[in-house]
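> Here you go, one structure.
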Amino acid sequence: MQIHIVLVAPARPENIGAAARAMKTMGFSSLRIVDSQAYLEPAARWVAHGSADILDNAQHFDTLEAALADVDFTVATTARSRARFHYYCSPSELTNILHEKQSWTSSCALVFGREESGLSNEELALADILTGVPMVADYPSLNLGQAVMVFCYQLSSLVQNNVEPEALAEENQLVALRQRVHRLLGTLDVADDQKLTDWLDQRLGLLAKRDTSMLHTLLHDIEKMLKK
């Protein structure tokens with residue numbers, strides 16, 4: 001599984017350099033930058049210290065949606081209240097989830113938000129699941145570079161013991177399942193039921209391969225019956 005580290009609109013080049021250094025230390029190589037040119041500034045290289053290749057190969061995107069266009073599974077980091085958004089897991093829980101998906105999912109994005117404001121609600125909604133670092137109450141959120149290091153350390157076993165995914169279908173199973181569920185909601189004229197839609201979106205990201213396949217089979221049978 002290829003894991004992309006995605007930084008959304010980082011303002012400080014030093015933070016990007018620290019993130020690159022953390023990635024290099026833990027074996028990660030793919031950095032994606034959204035809506036920021038700060039990674040091109042000299043200060044990013046000064047802090048990166050031996051990780052310039054991460055910055056040299058970084059990909060830039062205008063929007064987070066564009067940065068995730070070729071990604072099979074998306075994890076967004078946030079310090080916010082869980083609110084109505086997707087399942088929220090700890091870094092250790094995330095490791096277990098990705099270990100299971102490693103054999104049948106080819107790519108994953110780990111998304112970090114802006115230093116001051118994090119990710120918007122619209123950006124959080126693009127994720128399959130949310131995660132965050134448990135901290136002492138009332139203590140400020142982690143620095144961007146620190147947050148990247150925490151997750152790169154936690155997920156380093158996935159990189160060090162990378163498993164080649166099994167042959168994937170033409171369309172990623174999880175992405176296809178999400179699209180299929182939303183089509184069915186539309187067919188049943190319940191797509192406007194926000195509570196139901198949110199609940200389904202929150203749970204789909206947790207499905208294991210066998211569960212995903214079984215649900216595809218069930219939806220196929222439902223679709224066939226609806227056409228009669």
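All residue names refer to the structure tokens as shown: chains lettered A, B, ... in order, residues numbered from 1 in each chain, ligands numbered from 1 in order.
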Per DSSP on the backbone, filter range 26-200 of chain A down to the residues in strand (DSSP E) and report them as a list in words.

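For range 26-200 of chain A, the strand (DSSP E) set is Ser30, Leu31, Arg32, Ile33, Val34, Gln59, His60, Phe61, Phe73, Thr74, Val75, Ala76, Thr77, Tyr88, Cys89, Ser107, Cys108, Ala109, Leu110, Val111, Phe112, Ile129, Leu130 and Thr131 of chain A.
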
> Filtering to N, CA, C and O atoms, could you give me those residues as an mmCIF file, in the first residue's frame?


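So selection.cif came out as:
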```
data_model
loop_
_atom_site.group_PDB
_atom_site.id
_atom_site.type_symbol
_atom_site.label_atom_id
_atom_site.label_comp_id
_atom_site.auth_asym_id
_atom_site.auth_seq_id
_atom_site.Cartn_x
_atom_site.Cartn_y
_atom_site.Cartn_z
ATOM 1 N N SER A 30 6.134 9.810 -0.170
ATOM 2 C CA SER A 30 5.200 10.566 -1.009
ATOM 3 C C SER A 30 4.556 11.716 -0.239
ATOM 4 O O SER A 30 3.745 11.491 0.668
ATOM 5 N N LEU A 31 4.902 12.935 -0.629
ATOM 6 C CA LEU A 31 4.346 14.142 -0.005
ATOM 7 C C LEU A 31 3.513 14.897 -1.031
ATOM 8 O O LEU A 31 3.963 15.167 -2.142
ATOM 9 N N ARG A 32 2.284 15.233 -0.633
ATOM 10 C CA ARG A 32 1.403 16.015 -1.494
ATOM 11 C C ARG A 32 1.038 17.307 -0.764
ATOM 12 O O ARG A 32 0.640 17.268 0.404
ATOM 13 N N ILE A 33 1.165 18.421 -1.471
ATOM 14 C CA ILE A 33 0.889 19.737 -0.898
ATOM 15 C C ILE A 33 -0.328 20.332 -1.599
ATOM 16 O O ILE A 33 -0.397 20.347 -2.828
ATOM 17 N N VAL A 34 -1.262 20.835 -0.810
ATOM 18 C CA VAL A 34 -2.465 21.440 -1.367
ATOM 19 C C VAL A 34 -2.466 22.940 -1.112
ATOM 20 O O VAL A 34 -2.298 23.395 0.025
ATOM 21 N N GLN A 59 4.308 16.687 -4.731
ATOM 22 C CA GLN A 59 3.330 17.035 -5.757
ATOM 23 C C GLN A 59 2.419 18.134 -5.222
ATOM 24 O O GLN A 59 2.002 18.099 -4.060
ATOM 25 N N HIS A 60 2.116 19.097 -6.079
ATOM 26 C CA HIS A 60 1.253 20.202 -5.671
ATOM 27 C C HIS A 60 -0.116 20.078 -6.332
ATOM 28 O O HIS A 60 -0.229 19.736 -7.518
ATOM 29 N N PHE A 61 -1.177 20.362 -5.556
ATOM 30 C CA PHE A 61 -2.552 20.325 -6.057
ATOM 31 C C PHE A 61 -3.280 21.583 -5.602
ATOM 32 O O PHE A 61 -2.998 22.119 -4.528
ATOM 33 N N PHE A 73 -8.262 5.131 -0.258
ATOM 34 C CA PHE A 73 -8.755 5.237 1.114
ATOM 35 C C PHE A 73 -8.137 6.478 1.757
ATOM 36 O O PHE A 73 -6.932 6.686 1.696
ATOM 37 N N THR A 74 -8.987 7.314 2.364
ATOM 38 C CA THR A 74 -8.529 8.588 2.908
ATOM 39 C C THR A 74 -8.770 8.684 4.409
ATOM 40 O O THR A 74 -9.866 8.424 4.893
ATOM 41 N N VAL A 75 -7.733 9.078 5.123
ATOM 42 C CA VAL A 75 -7.795 9.296 6.565
ATOM 43 C C VAL A 75 -7.476 10.761 6.824
ATOM 44 O O VAL A 75 -6.452 11.268 6.358
ATOM 45 N N ALA A 76 -8.342 11.462 7.529
ATOM 46 C CA ALA A 76 -8.107 12.872 7.843
ATOM 47 C C ALA A 76 -7.826 13.021 9.331
ATOM 48 O O ALA A 76 -8.485 12.397 10.170
ATOM 49 N N THR A 77 -6.834 13.829 9.659
ATOM 50 C CA THR A 77 -6.505 14.083 11.057
ATOM 51 C C THR A 77 -7.213 15.353 11.517
ATOM 52 O O THR A 77 -7.312 16.323 10.769
ATOM 53 N N TYR A 88 -14.187 8.026 14.283
ATOM 54 C CA TYR A 88 -12.971 8.659 14.796
ATOM 55 C C TYR A 88 -12.162 7.596 15.532
ATOM 56 O O TYR A 88 -12.648 6.984 16.484
ATOM 57 N N CYS A 89 -10.920 7.369 15.091
ATOM 58 C CA CYS A 89 -10.105 6.326 15.711
ATOM 59 C C CYS A 89 -8.790 6.889 16.221
ATOM 60 O O CYS A 89 -8.313 7.924 15.756
ATOM 61 N N SER A 107 -3.695 2.269 -2.275
ATOM 62 C CA SER A 107 -3.180 3.574 -1.847
ATOM 63 C C SER A 107 -4.034 4.171 -0.737
ATOM 64 O O SER A 107 -5.236 3.928 -0.641
ATOM 65 N N CYS A 108 -3.384 4.951 0.098
ATOM 66 C CA CYS A 108 -4.046 5.602 1.220
ATOM 67 C C CYS A 108 -3.471 7.007 1.368
ATOM 68 O O CYS A 108 -2.277 7.222 1.133
ATOM 69 N N ALA A 109 -4.308 7.956 1.738
ATOM 70 C CA ALA A 109 -3.848 9.314 1.997
ATOM 71 C C ALA A 109 -4.083 9.646 3.465
ATOM 72 O O ALA A 109 -5.154 9.376 4.001
ATOM 73 N N LEU A 110 -3.069 10.217 4.111
ATOM 74 C CA LEU A 110 -3.184 10.690 5.480
ATOM 75 C C LEU A 110 -3.123 12.213 5.416
ATOM 76 O O LEU A 110 -2.090 12.781 5.061
ATOM 77 N N VAL A 111 -4.236 12.867 5.716
ATOM 78 C CA VAL A 111 -4.385 14.299 5.459
ATOM 79 C C VAL A 111 -4.251 15.117 6.743
ATOM 80 O O VAL A 111 -4.902 14.832 7.753
ATOM 81 N N PHE A 112 -3.419 16.159 6.674
ATOM 82 C CA PHE A 112 -3.214 17.083 7.788
ATOM 83 C C PHE A 112 -3.704 18.471 7.373
ATOM 84 O O PHE A 112 -3.435 18.924 6.257
ATOM 85 N N ILE A 129 -12.375 7.880 7.129
ATOM 86 C CA ILE A 129 -12.400 7.899 8.590
ATOM 87 C C ILE A 129 -11.564 9.072 9.088
ATOM 88 O O ILE A 129 -10.729 9.612 8.362
ATOM 89 N N LEU A 130 -11.797 9.451 10.334
ATOM 90 C CA LEU A 130 -11.039 10.524 10.974
ATOM 91 C C LEU A 130 -10.177 9.951 12.081
ATOM 92 O O LEU A 130 -10.502 8.931 12.683
ATOM 93 N N THR A 131 -9.082 10.623 12.360
ATOM 94 C CA THR A 131 -8.215 10.222 13.446
ATOM 95 C C THR A 131 -7.628 11.462 14.110
ATOM 96 O O THR A 131 -7.699 12.567 13.563
#
```

> For Asp128 in chain A, which of A:Cys152, A:Leu64, A:Val175, A:Met214 is the closest residue, counting only C-alpha atoms?

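Closest to Asp128 in chain A, using only C-alpha atoms: A:Val175.
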
> If you run DSSP over the backbone, which residues in chain A end up helix (DSSP H, G or I)? Put them as a tab-separated table (two decimals) with N, CA and C atoms, in the first residue's frame.


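Result written to selection30.tsv:
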```
chain	number	residue	atom	x	y	z
A	13	PRO	N	6.98	27.33	5.98
A	13	PRO	CA	7.91	26.40	5.32
A	13	PRO	C	8.66	25.51	6.31
A	14	GLU	N	8.92	26.06	7.51
A	14	GLU	CA	9.62	25.25	8.52
A	14	GLU	C	8.81	24.02	8.91
A	15	ASN	N	7.50	24.17	8.97
A	15	ASN	CA	6.65	23.03	9.31
A	15	ASN	C	6.67	21.97	8.22
A	16	ILE	N	6.72	22.41	6.98
A	16	ILE	CA	6.79	21.47	5.87
A	16	ILE	C	8.12	20.72	5.90
A	17	GLY	N	9.19	21.46	6.19
A	17	GLY	CA	10.50	20.82	6.31
A	17	GLY	C	10.53	19.80	7.43
A	18	ALA	N	9.91	20.14	8.56
A	18	ALA	CA	9.86	19.20	9.69
A	18	ALA	C	9.04	17.96	9.33
A	19	ALA	N	7.97	18.16	8.57
A	19	ALA	CA	7.14	17.03	8.14
A	19	ALA	C	7.95	16.12	7.20
A	20	ALA	N	8.69	16.73	6.28
A	20	ALA	CA	9.51	15.95	5.34
A	20	ALA	C	10.57	15.14	6.09
A	21	ARG	N	11.15	15.76	7.10
A	21	ARG	CA	12.18	15.08	7.89
A	21	ARG	C	11.59	13.89	8.64
A	22	ALA	N	10.40	14.09	9.20
A	22	ALA	CA	9.71	13.00	9.91
A	22	ALA	C	9.39	11.86	8.95
A	23	MET	N	8.92	12.20	7.76
A	23	MET	CA	8.60	11.19	6.76
A	23	MET	C	9.84	10.37	6.40
A	24	LYS	N	10.92	11.06	6.10
A	24	LYS	CA	12.17	10.39	5.70
A	24	LYS	C	12.66	9.45	6.80
A	25	THR	N	12.60	9.93	8.04
A	25	THR	CA	13.07	9.14	9.17
A	25	THR	C	12.30	7.84	9.32
A	26	MET	N	11.01	7.88	9.04
A	26	MET	CA	10.16	6.72	9.25
A	26	MET	C	9.89	5.91	7.98
A	38	ALA	N	4.74	27.16	-0.05
A	38	ALA	CA	5.72	27.35	1.03
A	38	ALA	C	6.82	26.29	1.01
A	39	TYR	N	6.52	25.12	0.46
A	39	TYR	CA	7.52	24.05	0.43
A	39	TYR	C	8.70	24.37	-0.49
A	40	LEU	N	8.53	25.39	-1.35
A	40	LEU	CA	9.60	25.80	-2.26
A	40	LEU	C	10.56	26.81	-1.63
A	42	PRO	N	13.38	28.43	0.91
A	42	PRO	CA	14.63	27.89	1.49
A	42	PRO	C	14.47	27.36	2.92
A	43	ALA	N	13.62	28.00	3.71
A	43	ALA	CA	13.46	27.58	5.11
A	43	ALA	C	12.97	26.14	5.21
A	44	ALA	N	12.20	25.68	4.23
A	44	ALA	CA	11.71	24.30	4.26
A	44	ALA	C	12.88	23.33	4.15
A	45	ARG	N	13.85	23.66	3.29
A	45	ARG	CA	15.02	22.80	3.11
A	45	ARG	C	15.94	22.84	4.32
A	46	TRP	N	16.07	24.00	4.94
A	46	TRP	CA	16.93	24.10	6.12
A	46	TRP	C	16.47	23.15	7.22
A	47	VAL	N	15.17	23.12	7.42
A	47	VAL	CA	14.63	22.27	8.48
A	47	VAL	C	14.58	20.80	8.05
A	48	ALA	N	14.36	20.57	6.76
A	48	ALA	CA	14.26	19.19	6.27
A	48	ALA	C	15.54	18.41	6.56
A	52	ALA	N	15.73	16.57	1.52
A	52	ALA	CA	15.39	17.44	0.39
A	52	ALA	C	14.71	16.67	-0.74
A	53	ASP	N	15.02	15.37	-0.85
A	53	ASP	CA	14.41	14.59	-1.92
A	53	ASP	C	12.89	14.50	-1.75
A	54	ILE	N	12.43	14.51	-0.50
A	54	ILE	CA	10.99	14.50	-0.24
A	54	ILE	C	10.36	15.77	-0.80
A	55	LEU	N	11.02	16.91	-0.56
A	55	LEU	CA	10.51	18.19	-1.06
A	55	LEU	C	10.63	18.27	-2.58
A	56	ASP	N	11.74	17.76	-3.12
A	56	ASP	CA	11.94	17.81	-4.57
A	56	ASP	C	10.86	17.03	-5.32
A	64	LEU	N	-7.91	19.84	-2.22
A	64	LEU	CA	-7.77	18.53	-1.59
A	64	LEU	C	-8.46	17.46	-2.42
A	65	GLU	N	-9.59	17.79	-2.99
A	65	GLU	CA	-10.31	16.83	-3.83
A	65	GLU	C	-9.43	16.33	-4.97
A	66	ALA	N	-8.67	17.24	-5.58
A	66	ALA	CA	-7.77	16.85	-6.67
A	66	ALA	C	-6.64	15.96	-6.14
A	67	ALA	N	-6.15	16.27	-4.95
A	67	ALA	CA	-5.06	15.50	-4.37
A	67	ALA	C	-5.48	14.07	-4.03
A	91	PRO	N	-4.59	6.67	16.83
A	91	PRO	CA	-3.51	6.23	15.94
A	91	PRO	C	-3.27	4.72	15.98
A	92	SER	N	-3.37	4.11	17.16
A	92	SER	CA	-3.16	2.66	17.24
A	92	SER	C	-4.29	1.89	16.56
A	93	GLU	N	-5.52	2.37	16.70
A	93	GLU	CA	-6.65	1.74	16.01
A	93	GLU	C	-6.49	1.88	14.50
A	94	LEU	N	-5.99	3.05	14.08
A	94	LEU	CA	-5.78	3.29	12.65
A	94	LEU	C	-4.77	2.29	12.08
A	95	THR	N	-3.73	2.00	12.82
A	95	THR	CA	-2.72	1.04	12.36
A	95	THR	C	-3.37	-0.31	12.07
A	96	ASN	N	-4.23	-0.77	12.96
A	96	ASN	CA	-4.89	-2.06	12.76
A	96	ASN	C	-5.81	-2.03	11.54
A	97	ILE	N	-6.52	-0.93	11.37
A	97	ILE	CA	-7.43	-0.79	10.23
A	97	ILE	C	-6.66	-0.85	8.92
A	98	LEU	N	-5.54	-0.13	8.86
A	98	LEU	CA	-4.76	-0.09	7.62
A	98	LEU	C	-4.01	-1.40	7.37
A	99	HIS	N	-3.63	-2.10	8.44
A	99	HIS	CA	-3.01	-3.41	8.26
A	99	HIS	C	-3.98	-4.34	7.53
A	100	GLU	N	-5.25	-4.30	7.90
A	100	GLU	CA	-6.24	-5.15	7.25
A	100	GLU	C	-6.44	-4.75	5.80
A	101	LYS	N	-6.44	-3.45	5.52
A	101	LYS	CA	-6.71	-2.96	4.17
A	101	LYS	C	-5.49	-3.07	3.27
A	121	ASN	N	-15.08	21.61	7.27
A	121	ASN	CA	-16.09	20.55	7.29
A	121	ASN	C	-16.18	19.85	5.94
A	122	GLU	N	-16.09	20.64	4.87
A	122	GLU	CA	-16.17	20.07	3.52
A	122	GLU	C	-14.98	19.16	3.25
A	123	GLU	N	-13.81	19.52	3.75
A	123	GLU	CA	-12.62	18.68	3.56
A	123	GLU	C	-12.69	17.43	4.41
A	124	LEU	N	-13.18	17.55	5.63
A	124	LEU	CA	-13.34	16.37	6.49
A	124	LEU	C	-14.31	15.37	5.87
A	144	LEU	N	2.36	21.03	13.39
A	144	LEU	CA	2.18	20.21	12.20
A	144	LEU	C	3.28	19.16	12.05
A	145	GLY	N	4.53	19.58	12.21
A	145	GLY	CA	5.64	18.64	12.09
A	145	GLY	C	5.57	17.53	13.13
A	146	GLN	N	5.17	17.89	14.36
A	146	GLN	CA	5.03	16.90	15.43
A	146	GLN	C	3.92	15.90	15.10
A	147	ALA	N	2.80	16.41	14.59
A	147	ALA	CA	1.68	15.54	14.26
A	147	ALA	C	2.07	14.54	13.17
A	148	VAL	N	2.79	15.01	12.15
A	148	VAL	CA	3.23	14.11	11.09
A	148	VAL	C	4.16	13.04	11.65
A	149	MET	N	5.06	13.44	12.55
A	149	MET	CA	5.98	12.46	13.15
A	149	MET	C	5.23	11.40	13.94
A	150	VAL	N	4.22	11.82	14.73
A	150	VAL	CA	3.45	10.86	15.53
A	150	VAL	C	2.83	9.80	14.63
A	151	PHE	N	2.21	10.22	13.55
A	151	PHE	CA	1.53	9.26	12.69
A	151	PHE	C	2.51	8.44	11.84
A	152	CYS	N	3.58	9.07	11.38
A	152	CYS	CA	4.57	8.31	10.61
A	152	CYS	C	5.23	7.24	11.49
A	153	TYR	N	5.50	7.58	12.74
A	153	TYR	CA	6.05	6.59	13.66
A	153	TYR	C	5.04	5.46	13.89
A	154	GLN	N	3.79	5.83	14.13
A	154	GLN	CA	2.76	4.84	14.42
A	154	GLN	C	2.53	3.90	13.23
A	155	LEU	N	2.62	4.43	12.02
A	155	LEU	CA	2.31	3.64	10.83
A	155	LEU	C	3.56	3.10	10.13
A	156	SER	N	4.71	3.29	10.73
A	156	SER	CA	5.97	2.91	10.06
A	156	SER	C	6.02	1.42	9.74
A	157	SER	N	5.37	0.59	10.55
A	157	SER	CA	5.39	-0.85	10.29
A	157	SER	C	4.74	-1.19	8.95
A	158	LEU	N	3.78	-0.37	8.53
A	158	LEU	CA	3.12	-0.60	7.24
A	158	LEU	C	4.09	-0.38	6.08
A	159	VAL	N	5.01	0.56	6.27
A	159	VAL	CA	5.99	0.85	5.22
A	159	VAL	C	7.13	-0.16	5.26
A	160	GLN	N	7.59	-0.48	6.46
A	160	GLN	CA	8.72	-1.40	6.61
A	160	GLN	C	8.37	-2.82	6.23
A	173	GLN	N	-12.84	-1.45	-4.67
A	173	GLN	CA	-14.05	-2.00	-4.06
A	173	GLN	C	-14.73	-1.03	-3.11
A	174	LEU	N	-13.94	-0.36	-2.28
A	174	LEU	CA	-14.54	0.52	-1.28
A	174	LEU	C	-15.14	1.77	-1.92
A	175	VAL	N	-14.41	2.36	-2.86
A	175	VAL	CA	-14.93	3.53	-3.58
A	175	VAL	C	-16.20	3.16	-4.33
A	176	ALA	N	-16.16	2.01	-5.01
A	176	ALA	CA	-17.33	1.55	-5.76
A	176	ALA	C	-18.51	1.27	-4.84
A	177	LEU	N	-18.24	0.73	-3.66
A	177	LEU	CA	-19.31	0.44	-2.71
A	177	LEU	C	-19.97	1.73	-2.24
A	178	ARG	N	-19.17	2.73	-1.94
A	178	ARG	CA	-19.72	4.01	-1.49
A	178	ARG	C	-20.62	4.62	-2.57
A	179	GLN	N	-20.16	4.57	-3.81
A	179	GLN	CA	-20.95	5.11	-4.91
A	179	GLN	C	-22.25	4.31	-5.09
A	180	ARG	N	-22.14	3.01	-4.93
A	180	ARG	CA	-23.29	2.13	-5.10
A	180	ARG	C	-24.35	2.39	-4.03
A	181	VAL	N	-23.90	2.58	-2.78
A	181	VAL	CA	-24.82	2.87	-1.68
A	181	VAL	C	-25.54	4.19	-1.92
A	182	HIS	N	-24.81	5.20	-2.37
A	182	HIS	CA	-25.43	6.50	-2.60
A	182	HIS	C	-26.43	6.44	-3.76
A	183	ARG	N	-26.13	5.64	-4.78
A	183	ARG	CA	-27.10	5.47	-5.88
A	183	ARG	C	-28.38	4.81	-5.37
A	184	LEU	N	-28.21	3.82	-4.49
A	184	LEU	CA	-29.37	3.13	-3.95
A	184	LEU	C	-30.21	4.08	-3.09
A	185	LEU	N	-29.57	4.93	-2.31
A	185	LEU	CA	-30.30	5.90	-1.51
A	185	LEU	C	-31.13	6.82	-2.41
A	186	GLY	N	-30.53	7.18	-3.55
A	186	GLY	CA	-31.26	8.02	-4.50
A	186	GLY	C	-32.44	7.29	-5.10
A	187	THR	N	-32.23	6.03	-5.45
A	187	THR	CA	-33.31	5.22	-6.02
A	187	THR	C	-34.47	5.07	-5.04
A	194	GLN	N	-30.15	13.04	5.94
A	194	GLN	CA	-28.75	13.30	6.29
A	194	GLN	C	-28.24	12.36	7.37
A	195	LYS	N	-29.08	12.08	8.34
A	195	LYS	CA	-28.67	11.20	9.44
A	195	LYS	C	-28.33	9.81	8.92
A	196	LEU	N	-29.16	9.27	8.04
A	196	LEU	CA	-28.92	7.95	7.47
A	196	LEU	C	-27.67	7.96	6.59
A	197	THR	N	-27.54	8.99	5.75
A	197	THR	CA	-26.40	9.09	4.85
A	197	THR	C	-25.09	9.19	5.64
A	198	ASP	N	-25.08	10.04	6.66
A	198	ASP	CA	-23.88	10.19	7.47
A	198	ASP	C	-23.51	8.89	8.17
A	199	TRP	N	-24.52	8.20	8.69
A	199	TRP	CA	-24.25	6.94	9.40
A	199	TRP	C	-23.63	5.92	8.46
A	200	LEU	N	-24.16	5.81	7.27
A	200	LEU	CA	-23.61	4.87	6.30
A	200	LEU	C	-22.18	5.23	5.93
A	201	ASP	N	-21.93	6.51	5.66
A	201	ASP	CA	-20.59	6.96	5.30
A	201	ASP	C	-19.60	6.68	6.43
A	202	GLN	N	-20.06	6.83	7.66
A	202	GLN	CA	-19.19	6.61	8.82
A	202	GLN	C	-18.78	5.16	8.96
A	203	ARG	N	-19.66	4.25	8.56
A	203	ARG	CA	-19.39	2.83	8.78
A	203	ARG	C	-18.66	2.15	7.62
A	204	LEU	N	-18.85	2.64	6.40
A	204	LEU	CA	-18.28	1.95	5.24
A	204	LEU	C	-16.77	1.88	5.30
A	209	LYS	N	-12.29	-6.57	3.95
A	209	LYS	CA	-12.45	-7.00	2.57
A	209	LYS	C	-13.65	-7.94	2.40
A	210	ARG	N	-13.77	-8.94	3.28
A	210	ARG	CA	-14.86	-9.91	3.15
A	210	ARG	C	-16.22	-9.22	3.31
A	211	ASP	N	-16.31	-8.28	4.27
A	211	ASP	CA	-17.56	-7.57	4.49
A	211	ASP	C	-17.92	-6.71	3.28
A	212	THR	N	-16.90	-6.09	2.69
A	212	THR	CA	-17.12	-5.25	1.51
A	212	THR	C	-17.66	-6.10	0.35
A	213	SER	N	-17.07	-7.26	0.15
A	213	SER	CA	-17.50	-8.16	-0.93
A	213	SER	C	-18.93	-8.64	-0.70
A	214	MET	N	-19.24	-8.99	0.55
A	214	MET	CA	-20.59	-9.47	0.86
A	214	MET	C	-21.63	-8.37	0.65
A	215	LEU	N	-21.29	-7.14	1.02
A	215	LEU	CA	-22.24	-6.04	0.83
A	215	LEU	C	-22.43	-5.73	-0.64
A	216	HIS	N	-21.36	-5.86	-1.44
A	216	HIS	CA	-21.50	-5.70	-2.89
A	216	HIS	C	-22.50	-6.72	-3.44
A	217	THR	N	-22.39	-7.96	-2.96
A	217	THR	CA	-23.29	-9.02	-3.42
A	217	THR	C	-24.74	-8.70	-3.04
A	218	LEU	N	-24.93	-8.26	-1.80
A	218	LEU	CA	-26.27	-7.90	-1.34
A	218	LEU	C	-26.86	-6.77	-2.17
A	219	LEU	N	-26.05	-5.72	-2.41
A	219	LEU	CA	-26.54	-4.59	-3.19
A	219	LEU	C	-26.87	-5.00	-4.62
A	220	HIS	N	-26.07	-5.91	-5.17
A	220	HIS	CA	-26.35	-6.41	-6.51
A	220	HIS	C	-27.72	-7.08	-6.56
A	221	ASP	N	-28.02	-7.89	-5.54
A	221	ASP	CA	-29.32	-8.57	-5.50
A	221	ASP	C	-30.47	-7.57	-5.32
A	222	ILE	N	-30.24	-6.55	-4.49
A	222	ILE	CA	-31.27	-5.52	-4.28
A	222	ILE	C	-31.52	-4.76	-5.59
A	223	GLU	N	-30.45	-4.38	-6.28
A	223	GLU	CA	-30.57	-3.65	-7.55
A	223	GLU	C	-31.33	-4.48	-8.58
A	224	LYS	N	-31.04	-5.78	-8.60
A	224	LYS	CA	-31.70	-6.67	-9.55
A	224	LYS	C	-33.20	-6.74	-9.26
A	225	MET	N	-33.56	-6.83	-7.99
A	225	MET	CA	-34.97	-6.89	-7.62
A	225	MET	C	-35.70	-5.58	-7.94
A	226	LEU	N	-35.02	-4.45	-7.73
A	226	LEU	CA	-35.65	-3.16	-7.99
A	226	LEU	C	-35.93	-2.94	-9.48
A	227	LYS	N	-35.16	-3.60	-10.33
A	227	LYS	CA	-35.34	-3.44	-11.77
A	227	LYS	C	-36.53	-4.25	-12.31
```

> Go through A:Ala9, A:Phe28, A:His4, A:Asn172 one by one, measure the shortest atom-to-atom distance of each to Trp104 in chain A using only C-alpha atoms, and give the residue with the smallest value.

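Under the stated criterion, the closest residue is A:Asn172.
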
> Which distance in Å separates CA of Gly132 in chain A and CA of Gly118 in chain A, to one decimal?

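We find that CA of Gly132 in chain A and CA of Gly118 in chain A lie 11.5 Å from each other.
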
> Between CA of Arg114 in chain A and CA of Asn143 in chain A, what is the distance, to one decimal in Å?

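Here the two named atoms are 10.2 Å from each other.
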
> What does the distance between CA of Asp35 in chain A and CA of Ile5 in chain A come to in Å, to one decimal place?

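The value is 14.5 Å.
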